[in-house]
$ cat my_file_21.tsv   # TSV, C-alpha atoms
chain	number	residue	atom	x	y	z
C	136	MET	CA	0.00	0.00	0.00
C	137	HIS	CA	1.31	3.44	-0.95
C	138	GLN	CA	2.23	5.59	2.01
C	139	PRO	CA	1.90	9.37	1.74
C	140	ALA	CA	5.16	11.33	1.98
C	141	LEU	CA	5.85	13.35	5.11
C	142	ASP	CA	5.26	17.05	4.87
C	143	LEU	CA	8.31	18.80	6.32
C	144	HIS	CA	6.39	22.00	6.91
C	145	ARG	CA	3.88	20.35	9.18
C	146	PRO	CA	4.35	20.92	12.91
C	147	VAL	CA	5.51	17.39	13.64
C	148	ASP	CA	8.89	16.60	15.12
C	149	VAL	CA	9.26	12.93	14.07
C	150	LEU	CA	11.40	10.57	11.99
C	151	PRO	CA	10.27	8.27	9.10
C	152	ARG	CA	8.59	4.99	10.07
C	153	THR	CA	10.76	1.89	10.30
C	154	PRO	CA	9.95	-1.65	11.34
C	155	LYS	CA	8.98	-1.95	14.97
C	156	ASP	CA	11.95	-2.14	17.32
C	157	PRO	CA	11.39	-4.73	20.01
C	158	HIS	CA	13.98	-3.01	22.19
C	159	PRO	CA	13.34	0.71	22.10
C	160	SER	CA	16.14	2.99	23.22
C	161	PRO	CA	15.77	5.35	26.19
C	162	ARG	CA	15.30	8.25	23.76
C	163	ALA	CA	12.12	6.66	22.47
C	164	VAL	CA	10.33	7.34	25.81
C	165	PRO	CA	8.18	10.49	25.60
C	166	ARG	CA	9.32	13.37	27.76
C	167	ALA	CA	6.87	14.60	30.37
C	168	HIS	CA	5.99	18.28	30.53
C	169	SER	CA	4.55	20.43	33.26
C	170	LEU	CA	1.11	21.98	33.01
C	171	GLY	CA	0.65	25.75	32.99
C	172	ARG	CA	-2.42	27.83	33.88
C	173	LYS	CA	-3.72	27.91	30.32
C	174	GLY	CA	-2.74	24.46	29.19
C	175	GLN	CA	0.33	22.38	28.68
C	176	ALA	CA	3.41	24.53	28.29
C	177	LEU	CA	6.00	23.22	25.86
C	178	ARG	CA	9.47	24.52	25.27
C	179	GLY	CA	9.75	23.51	21.62
C	180	GLY	CA	6.89	21.13	20.77
C	181	LEU	CA	3.18	20.36	21.20
C	182	ALA	CA	1.46	18.77	24.12
C	183	GLY	CA	1.69	15.05	23.98
C	184	ALA	CA	4.11	15.06	20.98
C	185	PRO	CA	7.34	13.22	21.76
C	186	ARG	CA	10.72	14.26	20.55
C	187	TYR	CA	12.72	12.07	18.16
C	188	HIS	CA	11.91	8.38	18.34
C	189	SER	CA	14.11	5.49	17.38
C	190	ASP	CA	11.03	3.70	15.94
C	191	PRO	CA	9.97	5.50	12.69
C	192	GLY	CA	6.56	3.86	12.73
C	193	ARG	CA	5.69	5.02	16.20
C	194	ALA	CA	7.04	8.41	15.36
C	195	ARG	CA	4.76	8.74	12.32
C	196	ASP	CA	1.73	7.69	14.35
C	197	ALA	CA	2.58	10.19	17.04
C	198	GLY	CA	3.04	12.88	14.38
C	199	ALA	CA	-0.31	12.09	12.85
C	200	ARG	CA	-2.03	12.32	16.21
C	201	ALA	CA	-0.30	15.60	16.95
C	202	ALA	CA	-1.27	16.98	13.54
C	203	GLY	CA	-4.88	16.00	14.08
C	204	CYS	CA	-5.02	17.63	17.50
C	205	ASN	CA	-3.56	20.86	16.20
C	206	ARG	CA	-5.57	21.11	13.05
C	207	GLY	CA	-6.42	24.68	12.18
C	208	ARG	CA	-3.48	26.21	14.15
C	209	ARG	CA	-0.66	28.07	12.46
C	210	LEU	CA	2.57	27.03	14.07
C	211	ARG	CA	6.06	28.12	13.21
C	212	PRO	CA	8.51	25.41	12.14
C	213	HIS	CA	11.34	26.83	14.26
C	214	CYS	CA	9.35	26.13	17.41
C	215	PHE	CA	10.08	22.44	16.98
C	216	ARG	CA	13.81	22.49	17.06
C	217	PRO	CA	15.29	19.66	19.05
C	218	GLU	CA	16.29	20.69	22.55
C	219	THR	CA	19.04	19.65	24.83
C	220	PRO	CA	17.94	18.31	28.19
C	221	ASP	CA	17.36	21.04	30.79
C	222	PRO	CA	19.88	20.50	33.58
C	223	GLY	CA	17.61	22.32	36.03
C	224	CYS	CA	14.68	19.94	35.44
C	225	ALA	CA	16.53	16.66	35.04
C	226	PRO	CA	17.56	14.92	38.29
C	227	GLN	CA	21.26	14.95	38.93
C	228	VAL	CA	22.85	11.84	40.34
C	229	SER	CA	26.31	12.13	41.83
C	230	ALA	CA	28.61	9.28	42.57
C	231	ALA	CA	29.83	8.48	46.04
C	232	PRO	CA	32.80	10.57	47.19
C	233	SER	CA	36.07	8.92	46.30
C	234	GLY	CA	38.23	10.73	48.86
C	235	PRO	CA	38.25	13.13	51.85
C	236	ALA	CA	38.60	16.25	49.66
C	237	GLU	CA	35.56	15.32	47.59
C	238	ALA	CA	33.62	14.36	50.71
C	239	GLY	CA	34.23	17.85	52.14
C	240	ASN	CA	32.45	19.42	49.17
C	241	MET	CA	29.31	17.37	49.70
C	242	PRO	CA	26.18	19.40	50.65
C	243	VAL	CA	25.44	19.49	54.38
C	244	SER	CA	21.89	18.91	55.52
C	245	LYS	CA	20.61	21.54	58.00
C	246	CYS	CA	18.12	20.89	60.75
C	247	LEU	CA	14.98	22.97	60.84
C	248	LYS	CA	14.95	25.75	63.43
C	249	LYS	CA	12.88	24.77	66.41
C	250	SER	CA	10.13	27.20	67.30
C	251	GLU	CA	10.07	28.50	70.88
C	252	PRO	CA	7.10	27.59	73.04
C	253	LEU	CA	4.39	30.19	73.47
C	254	TRP	CA	5.07	30.67	77.15
C	255	LYS	CA	8.52	32.07	76.37
C	256	GLU	CA	7.01	34.67	74.06
C	257	TRP	CA	4.43	35.56	76.69
C	258	GLU	CA	7.19	35.80	79.29
C	259	LYS	CA	9.08	38.33	77.12
C	260	LYS	CA	5.94	40.42	76.73
C	261	ALA	CA	5.34	40.29	80.49
C	262	GLN	CA	8.78	41.74	81.21
C	263	LYS	CA	8.37	45.32	82.40
C	264	ASN	CA	10.59	47.86	80.65
C	265	GLY	CA	10.14	51.61	80.38
C	266	PRO	CA	7.35	53.67	81.94
C	267	ARG	CA	4.35	51.77	83.25
C	268	ARG	CA	1.10	52.58	84.94
C	269	GLN	CA	0.43	51.43	88.49
C	270	VAL	CA	1.67	47.92	89.21
C	271	TYR	CA	0.18	46.28	92.30
C	272	ALA	CA	1.94	43.77	94.51
C	273	VAL	CA	0.29	40.87	96.32
C	274	ASN	CA	0.44	42.67	99.69
C	275	GLY	CA	-1.27	45.76	98.29
C	276	ASP	CA	1.81	47.90	97.63
C	277	ARG	CA	1.81	49.72	94.32
C	278	TYR	CA	4.39	51.39	92.12
C	279	LEU	CA	4.07	53.93	89.34
C	280	GLY	CA	7.10	54.75	87.25
C	281	GLU	CA	9.88	53.39	85.07
C	282	TRP	CA	11.14	49.81	84.83
C	283	LYS	CA	14.14	47.98	83.44
C	284	ASP	CA	14.46	44.20	83.15
C	285	ASN	CA	11.37	43.75	85.32
C	286	MET	CA	12.87	45.92	88.10
C	287	LYS	CA	12.13	49.47	89.24
C	288	HIS	CA	14.67	51.64	87.48
C	289	GLY	CA	14.51	55.38	86.85
C	290	LYS	CA	11.91	57.80	88.18
C	291	GLY	CA	9.05	56.33	90.15
C	292	THR	CA	6.67	56.50	93.10
C	293	GLN	CA	6.24	53.65	95.60
C	294	ILE	CA	3.30	53.48	98.03
C	295	TRP	CA	3.39	51.00	100.92
C	296	LYS	CA	-0.07	49.95	102.03
C	297	LYS	CA	0.79	48.84	105.59
C	298	LYS	CA	2.48	52.05	106.78
C	299	GLY	CA	1.06	54.37	104.15
C	300	ALA	CA	4.57	55.62	103.34
C	301	ILE	CA	5.25	57.23	99.95
C	302	TYR	CA	8.61	57.45	98.24
C	303	GLU	CA	9.09	59.69	95.21
C	304	GLY	CA	12.43	59.74	93.47
C	305	ASP	CA	15.12	57.71	91.74
C	306	TRP	CA	15.37	53.93	91.55
C	307	LYS	CA	18.14	51.66	90.41
C	308	PHE	CA	17.61	47.94	89.79
C	309	GLY	CA	14.72	47.66	92.23
C	310	LYS	CA	16.20	49.79	95.04
C	311	ARG	CA	16.02	53.44	96.00
C	312	ASP	CA	19.14	54.97	94.58
C	313	GLY	CA	19.67	58.66	93.83
C	314	TYR	CA	17.65	61.60	95.07
C	315	GLY	CA	14.25	60.98	96.62
C	316	THR	CA	11.71	62.02	99.24
C	317	LEU	CA	10.04	59.81	101.83
C	318	SER	CA	6.73	60.89	103.39
C	319	LEU	CA	4.47	59.43	106.10
C	320	PRO	CA	0.86	60.19	107.02
C	321	ASP	CA	0.36	62.38	110.08
C	322	GLN	CA	-1.79	60.69	112.72
C	323	GLU	CA	-3.30	63.97	113.89
C	324	THR	CA	-4.01	65.83	110.68
C	325	GLY	CA	-4.21	62.86	108.33
C	326	LYS	CA	-2.03	64.67	105.81
C	327	TYR	CA	1.35	63.52	104.57
C	328	ARG	CA	4.42	65.06	106.18
C	329	LYS	CA	7.92	64.91	104.78
C	330	VAL	CA	10.22	62.58	106.73
C	331	TYR	CA	13.39	62.51	104.64
C	332	SER	CA	14.57	64.34	101.58
C	333	GLY	CA	17.99	63.62	100.17
C	334	TRP	CA	20.22	61.03	98.59
C	335	TRP	CA	19.91	57.26	98.69
C	336	LYS	CA	22.18	54.36	97.82
C	337	GLY	CA	21.27	50.69	97.87
C	338	ASP	CA	17.83	51.44	99.39
C	339	LYS	CA	19.44	53.32	102.32
C	340	LYS	CA	20.04	56.97	103.15
C	341	SER	CA	23.52	57.84	101.94
C	342	GLY	CA	25.01	61.22	101.18
C	343	TYR	CA	23.53	64.60	102.04
C	344	GLY	CA	19.96	64.68	103.27
C	345	ILE	CA	17.46	66.22	105.68
C	346	GLN	CA	15.61	64.08	108.22
C	347	PHE	CA	12.54	65.47	109.97
C	348	PHE	CA	11.94	63.96	113.40
C	349	GLY	CA	9.09	66.26	114.30
C	350	PRO	CA	7.61	69.70	113.63
C	351	LYS	CA	10.58	71.47	115.28
C	352	GLU	CA	13.32	68.86	115.20
C	353	TYR	CA	15.32	67.88	112.16
C	354	TYR	CA	18.81	66.96	110.99
C	355	GLU	CA	20.65	68.17	107.93
C	356	GLY	CA	23.97	66.69	106.94
C	357	GLU	CA	25.67	63.53	105.78
C	358	TRP	CA	24.32	60.00	105.99
C	359	CYS	CA	25.79	56.52	105.58
C	360	GLY	CA	23.75	53.33	105.72
C	361	ASN	CA	20.60	55.00	107.16
C	362	GLN	CA	22.64	56.60	109.97
C	363	ARG	CA	23.94	60.10	110.53
C	364	SER	CA	27.61	59.91	109.74
C	365	GLY	CA	30.03	62.72	108.88
C	366	TRP	CA	29.32	66.39	109.28
C	367	GLY	CA	25.82	67.47	110.26
C	368	ARG	CA	23.63	69.83	112.20
C	369	THR	CA	20.68	68.90	114.40
C	370	TYR	CA	17.99	71.27	115.57
C	371	TYR	CA	16.34	69.83	118.67
C	372	SER	CA	12.77	70.52	119.74
C	373	ASN	CA	13.97	72.09	123.04
C	374	GLY	CA	15.90	74.78	121.15
C	375	ASN	CA	19.39	73.26	121.38
C	376	ILE	CA	21.57	72.97	118.29
C	377	TYR	CA	24.43	70.57	117.72
C	378	GLU	CA	26.83	71.08	114.84
C	379	GLY	CA	29.79	68.84	114.22
C	380	GLN	CA	30.83	65.31	113.46
C	381	TRP	CA	28.61	62.26	113.69
C	382	ARG	CA	29.22	58.55	113.78
C	383	ASN	CA	26.72	55.69	114.08
C	384	ASP	CA	23.87	58.19	114.38
C	385	LYS	CA	25.46	59.97	117.40
C	386	PRO	CA	27.78	62.96	117.91
C	387	ASP	CA	31.32	61.66	117.70
C	388	GLY	CA	34.44	63.77	117.15
C	389	GLU	CA	34.69	67.53	117.25
C	390	GLY	CA	31.46	69.41	117.68
C	391	MET	CA	29.68	72.33	119.27
C	392	LEU	CA	26.50	72.20	121.32
C	393	ARG	CA	24.65	75.48	121.64
C	394	LEU	CA	21.99	75.57	124.30
C	395	LYS	CA	18.77	77.56	124.18
C	396	ASN	CA	19.97	80.05	126.82
C	397	GLY	CA	23.11	80.88	124.79
C	398	ASN	CA	25.61	78.72	126.64
C	399	ARG	CA	27.68	76.40	124.48
C	400	TYR	CA	30.17	73.59	124.61
C	401	GLU	CA	33.05	73.29	122.15
C	402	GLY	CA	35.15	70.17	122.24
C	403	TYR	CA	35.26	66.45	121.67
C	404	TRP	CA	32.45	63.94	121.75
C	405	GLN	CA	32.25	60.18	121.92
C	406	ARG	CA	29.11	58.01	121.67
C	407	GLY	CA	26.96	61.13	121.95
C	408	LEU	CA	28.60	62.33	125.19
C	409	LYS	CA	31.24	64.93	126.02
C	410	ASN	CA	34.53	63.03	126.20
C	411	GLY	CA	37.97	64.60	126.01
C	412	SER	CA	39.18	68.15	126.01
C	413	GLY	CA	36.63	70.91	125.73
C	414	ARG	CA	35.43	74.33	126.78
C	415	PHE	CA	32.10	75.25	128.22
C	416	PHE	CA	30.98	78.89	127.93
C	417	HIS	CA	28.58	79.90	130.71
C	418	LEU	CA	27.53	83.10	128.99
C	419	ASP	CA	24.49	83.58	131.19
C	420	HIS	CA	26.78	83.91	134.26
C	421	GLY	CA	29.88	85.27	132.51
C	422	GLN	CA	32.21	82.31	133.16
C	423	LEU	CA	34.35	79.89	131.10
C	424	PHE	CA	35.36	76.38	132.07
C	425	GLU	CA	38.19	74.69	130.16
C	426	GLY	CA	39.21	71.15	131.02
C	427	PHE	CA	38.72	67.44	130.46
C	428	TRP	CA	35.42	65.56	130.24
C	429	VAL	CA	34.48	61.93	130.78
C	430	ASP	CA	30.99	60.77	129.78
C	431	ASP	CA	29.46	64.24	129.98
C	432	VAL	CA	31.12	65.05	133.33
C	433	ALA	CA	33.89	67.64	133.76
C	434	LYS	CA	36.69	65.92	135.71
C	435	CYS	CA	39.34	68.60	135.84
C	436	GLY	CA	40.03	72.02	134.42
C	437	THR	CA	40.09	75.73	135.16
C	438	MET	CA	37.23	78.18	135.64
C	439	ILE	CA	37.66	81.86	134.82
C	440	ASP	CA	35.43	84.88	134.38
C	441	PHE	CA	34.47	85.48	130.78
C	442	GLY	CA	32.17	88.31	129.72
C	443	ARG	CA	30.91	88.80	133.23
C	444	ASP	CA	29.97	92.41	132.60
C	445	GLU	CA	27.75	91.54	129.63
C	446	ALA	CA	26.19	88.45	131.23
C	447	PRO	CA	22.44	88.68	131.91
C	448	GLU	CA	22.77	86.88	135.28
C	449	PRO	CA	26.36	87.32	136.48
C	450	THR	CA	27.57	85.64	139.66
C	451	GLN	CA	27.51	87.61	142.87
C	452	PHE	CA	31.28	87.50	143.30
C	453	PRO	CA	34.02	87.17	140.70
C	454	ILE	CA	36.27	84.11	140.73
C	455	PRO	CA	39.37	84.68	142.91
C	456	LYS	CA	42.85	84.34	141.45
C	457	ILE	CA	44.71	81.06	141.79
C	458	LYS	CA	47.46	81.19	144.44
C	459	LEU	CA	49.18	77.89	143.61
C	460	LEU	CA	52.87	78.06	142.88
C	461	ASP	CA	52.64	75.84	139.79
C	462	PRO	CA	48.99	75.44	138.78
C	463	ASP	CA	49.85	74.19	135.29
C	464	SER	CA	51.72	71.14	136.58
C	465	VAL	CA	48.85	70.26	138.89
C	466	LEU	CA	46.41	70.46	135.98
C	467	GLU	CA	48.63	68.38	133.69
C	468	GLU	CA	48.99	65.68	136.35
C	469	ALA	CA	45.24	65.50	136.80
C	470	LEU	CA	44.68	65.35	133.03
C	471	ALA	CA	47.19	62.52	132.65
C	472	THR	CA	45.41	60.56	135.37
C	473	PHE	CA	41.99	60.85	133.74
C	474	LYS	CA	43.33	60.15	130.24
C	475	LYS	CA	45.01	56.99	131.46
C	476	THR	CA	41.83	55.88	133.21
C	477	GLN	CA	39.85	56.49	130.05
C	478	GLU	CA	42.27	54.49	127.90
C	479	ASP	CA	42.15	51.55	130.31
$ encode --input "my_file_21.tsv" --output "structure tokens"
Amino acid sequence: MHQPALDLHRPVDVLPRTPKDPHPSPRAVPRAHSLGRKGQALRGGLAGAPRYHSDPGRARDAGARAAGCNRGRRLRPHCFRPETPDPGCAPQVSAAPSGPAEAGNMPVSKCLKKSEPLWKEWEKKAQKNGPRRQVYAVNGDRYLGEWKDNMKHGKGTQIWKKKGAIYEGDWKFGKRDGYGTLSLPDQETGKYRKVYSGWWKGDKKSGYGIQFFGPKEYYEGEWCGNQRSGWGRTYYSNGNIYEGQWRNDKPDGEGMLRLKNGNRYEGYWQRGLKNGSGRFFHLDHGQLFEGFWVDDVAKCGTMIDFGRDEAPEPTQFPIPKIKLLDPDSVLEEALATFKKTQED
């Protein structure tokens, strides 16, 4: 039977038919193509049309089917040029590494990043940083101010429910540190009265500050560890004023005590008492005592008239002159005795 000749201008990419090959070559297997949105997308042929076949008969049949499916379409012959296999689409098989150098170039598999549990994310969001509104504690205390790493840090106000105390000032890592003011409610008036205003360090009064003990009694000076330490001045409610050195919340060192009536003591102190050398001015009587003190008691010294004419209540008789041959040696011997007793 006469077979029609192949039309080279038809859109068929086949070879002439030959007797059937019982052992087709790998090239005779049609190549699969991916589907696009509008149909099968081909990179050089029609959908379903194989490339070159080793069996001419199968190729002619495939060309006839392709021609029948695309009847009425105008296709360009150059669209059916044979292609080389796409290295990106074809699977690549590599042999086993032959040596250590080649094994080092092998791709390394990476583990997927584990996702953190939700409670860790919630914990980060619960961390207090920056300014916050009022934060209440379990015991009823509340704080309004700045935070850092879930601790009070910066400017803030703390209110203690039990005592009703209010602190306004600086904080550092959860403790009062810097300048701040502490206030307490007044039992009589019900209003807040200032108790301390000054510097803090490590949640304790440290540095210069003013402590109010009452309406007419307060201390201004240096603090260390919640105690008056260093130089300071205390105004007592009875009108006395002490100015000098402090240690462990008591006068210790050189200092001056000025009484309400104008008399004053200038000398050394120890544990809040007059101890050591000092002078006491009895200005109301016009006399001056200079000597040595032990626990607020004058042990030895000399008494002379001092400003007797200007004194408001001078003594009836002036102090007589000393008639000892060597009064200085007597005084020095007495001072040495008391100093030795004090050291022992």
$ closest_residue --input "my_file_21.tsv" --among "C:Val429, C:Ile457, C:Cys359, C:Leu408" --to "Thr472 of chain C" --atoms "only C-alpha atoms"
C:Val429
$ closest_residue --input "my_file_21.tsv" --among "C:Gly411, C:Trp334, C:Gln451, C:Ala446" --to "Lys434 of chain C" --atoms "only C-alpha atoms"
C:Gly411
$ residues_around --input "my_file_21.tsv" --residues "Gln362 of chain C" --least-positions-apart "3" --cutoff "9 Å" --atoms "only C-alpha atoms" --output "list in words"
Lys339, Lys340, Ser341, Glu357, Trp358, Cys359, Arg382, Asn383, Asp384 and Lys385 of chain C
$ write_last_selection --input "my_file_21.tsv" --atoms "C-alpha atoms" --output "compact mmCIF listing (two decimals), in the coordinates of the input"
# COMPACT_ATOMS: atom_id res chain seq x y z
CA LYS C 339 19.44 53.32 102.32
CA LYS C 340 20.04 56.97 103.15
CA SER C 341 23.52 57.84 101.94
CA GLU C 357 25.67 63.53 105.78
CA TRP C 358 24.32 60.00 105.99
CA CYS C 359 25.79 56.52 105.58
CA ARG C 382 29.22 58.55 113.78
CA ASN C 383 26.72 55.69 114.08
CA ASP C 384 23.87 58.19 114.38
CA LYS C 385 25.46 59.97 117.40
$ residues_around --input "my_file_21.tsv" --residues "Glu389 of chain C" --least-positions-apart "4" --cutoff "7 Å" --atoms "all atoms listed in the file" --output "PDB file with C-alpha atoms, keeping the file's coordinate frame"
ATOM      1  CA  GLY C 379      29.790  68.840 114.220  1.00  0.00           C
ATOM      2  CA  GLN C 380      30.830  65.310 113.460  1.00  0.00           C
ATOM      3  CA  GLY C 402      35.150  70.170 122.240  1.00  0.00           C
ATOM      4  CA  TYR C 403      35.260  66.450 121.670  1.00  0.00           C
ATOM      5  CA  TRP C 404      32.450  63.940 121.750  1.00  0.00           C
TER       6      TRP C 404
END
$ closest_residue --input "my_file_21.tsv" --among "C:Met438, C:Leu253, C:Met391, C:Leu279" --to "Lys456 of chain C" --atoms "only C-alpha atoms"
C:Met438
$ atom_distance --input "my_file_21.tsv" --atom1 "atom CA of Gly388 of chain C" --atom2 "atom CA of Asp431 of chain C"
13.8 Å
$ closest_residue --input "my_file_21.tsv" --among "C:Leu459, C:Ile454, C:Leu466, C:Leu392" --to "Gly436 of chain C" --atoms "only C-alpha atoms"
C:Leu466
$ atom_distance --input "my_file_21.tsv" --atom1 "atom CA of Ala469 of chain C" --atom2 "atom CA of His417 of chain C"
22.8 Å
$ atom_distance --input "my_file_21.tsv" --atom1 "atom CA of Leu470 of chain C" --atom2 "atom CA of Phe415 of chain C"
16.7 Å
$ closest_residue --input "my_file_21.tsv" --among "C:Glu378, C:Glu445, C:Asp312, C:Asp305" --to "His420 of chain C" --atoms "all atoms listed in the file"
C:Glu445
$ closest_residue --input "my_file_21.tsv" --among "C:Asn396, C:Gln405, C:Gly426, C:Arg277" --to "Glu448 of chain C" --atoms "all atoms listed in the file"
C:Asn396
$ decode --input "my_file_21.tsv" --residues "segment 251-324 of chain C" --atoms "C-alpha atoms" --output "PDB file, in the first residue's frame"
ATOM      1  CA  GLU C 251      10.074  28.497  70.877  1.00  0.00           C
ATOM      2  CA  PRO C 252       7.098  27.587  73.042  1.00  0.00           C
ATOM      3  CA  LEU C 253       4.394  30.187  73.469  1.00  0.00           C
ATOM      4  CA  TRP C 254       5.069  30.668  77.154  1.00  0.00           C
ATOM      5  CA  LYS C 255       8.523  32.069  76.365  1.00  0.00           C
ATOM      6  CA  GLU C 256       7.010  34.672  74.065  1.00  0.00           C
ATOM      7  CA  TRP C 257       4.431  35.557  76.691  1.00  0.00           C
ATOM      8  CA  GLU C 258       7.195  35.803  79.294  1.00  0.00           C
ATOM      9  CA  LYS C 259       9.076  38.326  77.123  1.00  0.00           C
ATOM     10  CA  LYS C 260       5.939  40.421  76.730  1.00  0.00           C
ATOM     11  CA  ALA C 261       5.339  40.289  80.490  1.00  0.00           C
ATOM     12  CA  GLN C 262       8.782  41.741  81.211  1.00  0.00           C
ATOM     13  CA  LYS C 263       8.369  45.321  82.398  1.00  0.00           C
ATOM     14  CA  ASN C 264      10.589  47.858  80.653  1.00  0.00           C
ATOM     15  CA  GLY C 265      10.145  51.606  80.383  1.00  0.00           C
ATOM     16  CA  PRO C 266       7.349  53.673  81.936  1.00  0.00           C
ATOM     17  CA  ARG C 267       4.354  51.773  83.250  1.00  0.00           C
ATOM     18  CA  ARG C 268       1.099  52.582  84.943  1.00  0.00           C
ATOM     19  CA  GLN C 269       0.425  51.430  88.488  1.00  0.00           C
ATOM     20  CA  VAL C 270       1.673  47.923  89.208  1.00  0.00           C
ATOM     21  CA  TYR C 271       0.178  46.284  92.295  1.00  0.00           C
ATOM     22  CA  ALA C 272       1.942  43.771  94.513  1.00  0.00           C
ATOM     23  CA  VAL C 273       0.292  40.874  96.317  1.00  0.00           C
ATOM     24  CA  ASN C 274       0.439  42.668  99.692  1.00  0.00           C
ATOM     25  CA  GLY C 275      -1.270  45.755  98.289  1.00  0.00           C
ATOM     26  CA  ASP C 276       1.810  47.903  97.632  1.00  0.00           C
ATOM     27  CA  ARG C 277       1.806  49.725  94.323  1.00  0.00           C
ATOM     28  CA  TYR C 278       4.391  51.387  92.122  1.00  0.00           C
ATOM     29  CA  LEU C 279       4.065  53.927  89.344  1.00  0.00           C
ATOM     30  CA  GLY C 280       7.105  54.747  87.251  1.00  0.00           C
ATOM     31  CA  GLU C 281       9.879  53.389  85.073  1.00  0.00           C
ATOM     32  CA  TRP C 282      11.143  49.808  84.827  1.00  0.00           C
ATOM     33  CA  LYS C 283      14.140  47.977  83.438  1.00  0.00           C
ATOM     34  CA  ASP C 284      14.460  44.196  83.153  1.00  0.00           C
ATOM     35  CA  ASN C 285      11.366  43.750  85.317  1.00  0.00           C
ATOM     36  CA  MET C 286      12.867  45.921  88.101  1.00  0.00           C
ATOM     37  CA  LYS C 287      12.133  49.470  89.241  1.00  0.00           C
ATOM     38  CA  HIS C 288      14.673  51.635  87.481  1.00  0.00           C
ATOM     39  CA  GLY C 289      14.512  55.377  86.846  1.00  0.00           C
ATOM     40  CA  LYS C 290      11.914  57.803  88.185  1.00  0.00           C
ATOM     41  CA  GLY C 291       9.052  56.328  90.147  1.00  0.00           C
ATOM     42  CA  THR C 292       6.671  56.495  93.101  1.00  0.00           C
ATOM     43  CA  GLN C 293       6.240  53.652  95.596  1.00  0.00           C
ATOM     44  CA  ILE C 294       3.303  53.480  98.031  1.00  0.00           C
ATOM     45  CA  TRP C 295       3.394  51.000 100.924  1.00  0.00           C
ATOM     46  CA  LYS C 296      -0.069  49.946 102.027  1.00  0.00           C
ATOM     47  CA  LYS C 297       0.792  48.838 105.587  1.00  0.00           C
ATOM     48  CA  LYS C 298       2.476  52.046 106.781  1.00  0.00           C
ATOM     49  CA  GLY C 299       1.064  54.366 104.154  1.00  0.00           C
ATOM     50  CA  ALA C 300       4.565  55.621 103.337  1.00  0.00           C
ATOM     51  CA  ILE C 301       5.252  57.227  99.953  1.00  0.00           C
ATOM     52  CA  TYR C 302       8.612  57.452  98.241  1.00  0.00           C
ATOM     53  CA  GLU C 303       9.092  59.686  95.211  1.00  0.00           C
ATOM     54  CA  GLY C 304      12.435  59.740  93.470  1.00  0.00           C
ATOM     55  CA  ASP C 305      15.119  57.715  91.744  1.00  0.00           C
ATOM     56  CA  TRP C 306      15.368  53.931  91.552  1.00  0.00           C
ATOM     57  CA  LYS C 307      18.143  51.656  90.409  1.00  0.00           C
ATOM     58  CA  PHE C 308      17.611  47.938  89.789  1.00  0.00           C
ATOM     59  CA  GLY C 309      14.722  47.661  92.233  1.00  0.00           C
ATOM     60  CA  LYS C 310      16.200  49.791  95.041  1.00  0.00           C
ATOM     61  CA  ARG C 311      16.022  53.444  96.004  1.00  0.00           C
ATOM     62  CA  ASP C 312      19.141  54.969  94.582  1.00  0.00           C
ATOM     63  CA  GLY C 313      19.674  58.657  93.832  1.00  0.00           C
ATOM     64  CA  TYR C 314      17.646  61.604  95.074  1.00  0.00           C
ATOM     65  CA  GLY C 315      14.255  60.983  96.617  1.00  0.00           C
ATOM     66  CA  THR C 316      11.706  62.022  99.242  1.00  0.00           C
ATOM     67  CA  LEU C 317      10.039  59.807 101.829  1.00  0.00           C
ATOM     68  CA  SER C 318       6.730  60.887 103.391  1.00  0.00           C
ATOM     69  CA  LEU C 319       4.470  59.427 106.103  1.00  0.00           C
ATOM     70  CA  PRO C 320       0.855  60.191 107.018  1.00  0.00           C
ATOM     71  CA  ASP C 321       0.358  62.381 110.075  1.00  0.00           C
ATOM     72  CA  GLN C 322      -1.790  60.688 112.716  1.00  0.00           C
ATOM     73  CA  GLU C 323      -3.298  63.966 113.893  1.00  0.00           C
ATOM     74  CA  THR C 324      -4.009  65.828 110.679  1.00  0.00           C
TER      75      THR C 324
END
